[in-house]
Amino acid sequence: MLKPDFILKNAYLVSPEFLNKHNIKAILVDLDDTIVASKSDYIADEYRIWIKKLKETAVPLLILSNGSPKRVKYWSKELELEAFSLVGKPFSFAFKRALKRLDSTAKDTVMIGDQVFTDILGANLAGLKTILVKPLSPGGLWHTRAIRNLEKIILKGEDNARIIYR
């Protein structure tokens, strides 16, 4: 349950071609350290371009974050994406709520995130495909930084995921 289906360097590497190849029709994406560094008010152009490209190809995309409502609302407005904050990942109800909003099924949807114990575990439990990306920062909270060390141990020698980029 802790193993991702794919490991990518960045979320913006998930192209429409990648989605088609893996029969993925919708995306749930974490916010902090997945598309925006923790506590940052800056998003790299590559992520803006990625989101625009997905919108142009009509891929449903929703931000699913455990982040604060104020921060998530800001980025939702800035990126013109629907978003849910303080969702309660890794619990399945968070993912089921998002699937309902996207009018998608678990088998047709991927969760992209930077944390094994929230994004990957929760999405796997809910039956979604999973993509783990390299975090954009060490983490804004002390427990996030501590958990990242445990994640490295879990992922060491990872052979179940299809590693695209490290």
# chains A, B, ... in the order shown; residues from 1 in each chain; ligands from 1
$ select_by_dssp --residues "chain A" --states "alpha helix (DSSP H)" --output "number ranges by chain"
A: 16-21, 45-56, 69-79, 92-102, 121-126, 142-155
$ residues_around --residues "Val87 in chain A" --least-positions-apart "4" --cutoff "10 Å" --atoms "only C-alpha atoms" --output "tab-separated table (two decimals) with C-alpha atoms, in the first residue's frame"
chain	number	residue	atom	x	y	z
A	64	LEU	CA	-6.53	17.55	-3.14
A	65	SER	CA	-4.64	18.96	-0.19
A	66	ASN	CA	-4.31	18.63	3.55
A	67	GLY	CA	-3.22	22.27	3.49
A	68	SER	CA	-4.95	25.19	5.14
A	69	PRO	CA	-8.13	26.52	3.54
A	83	ALA	CA	-9.51	22.43	-4.84
A	91	PHE	CA	-8.40	8.43	4.58
A	92	SER	CA	-10.45	7.09	1.66
A	93	PHE	CA	-13.31	9.56	2.13
A	94	ALA	CA	-11.06	12.36	0.89
A	95	PHE	CA	-10.42	10.56	-2.39
A	97	ARG	CA	-15.23	13.01	-2.40
A	98	ALA	CA	-12.80	14.18	-5.08
$ atom_distance --atom1 "CA of Pro135 in chain A" --atom2 "CA of Lys70 in chain A"
21.4 Å
$ closest_residue --among "A:Leu31, A:Leu125, A:Thr109, A:Leu99" --to "Leu81 in chain A" --atoms "only C-alpha atoms"
A:Leu31
$ select_by_dssp --residues "chain A" --states "strand (DSSP E or B)" --output "list in words"
Phe6, Ile7, Leu8, Ala26, Ile27, Leu28, Val29, Asp32, Val36, Leu61, Leu62, Ile63, Leu64, Glu82, Ala83, Phe84, Thr109, Val110, Met111, Ile112, Gly113, Lys129, Thr130, Ile131, Leu132, Val133, Arg162 and Ile163 of chain A
$ closest_residue --among "A:Thr130, A:Thr118, A:Thr105, A:Ser38" --to "Val14 in chain A" --atoms "only C-alpha atoms"
A:Thr130
$ atom_distance --atom1 "CA of Ile131 in chain A" --atom2 "CA of Phe6 in chain A"
4.7 Å
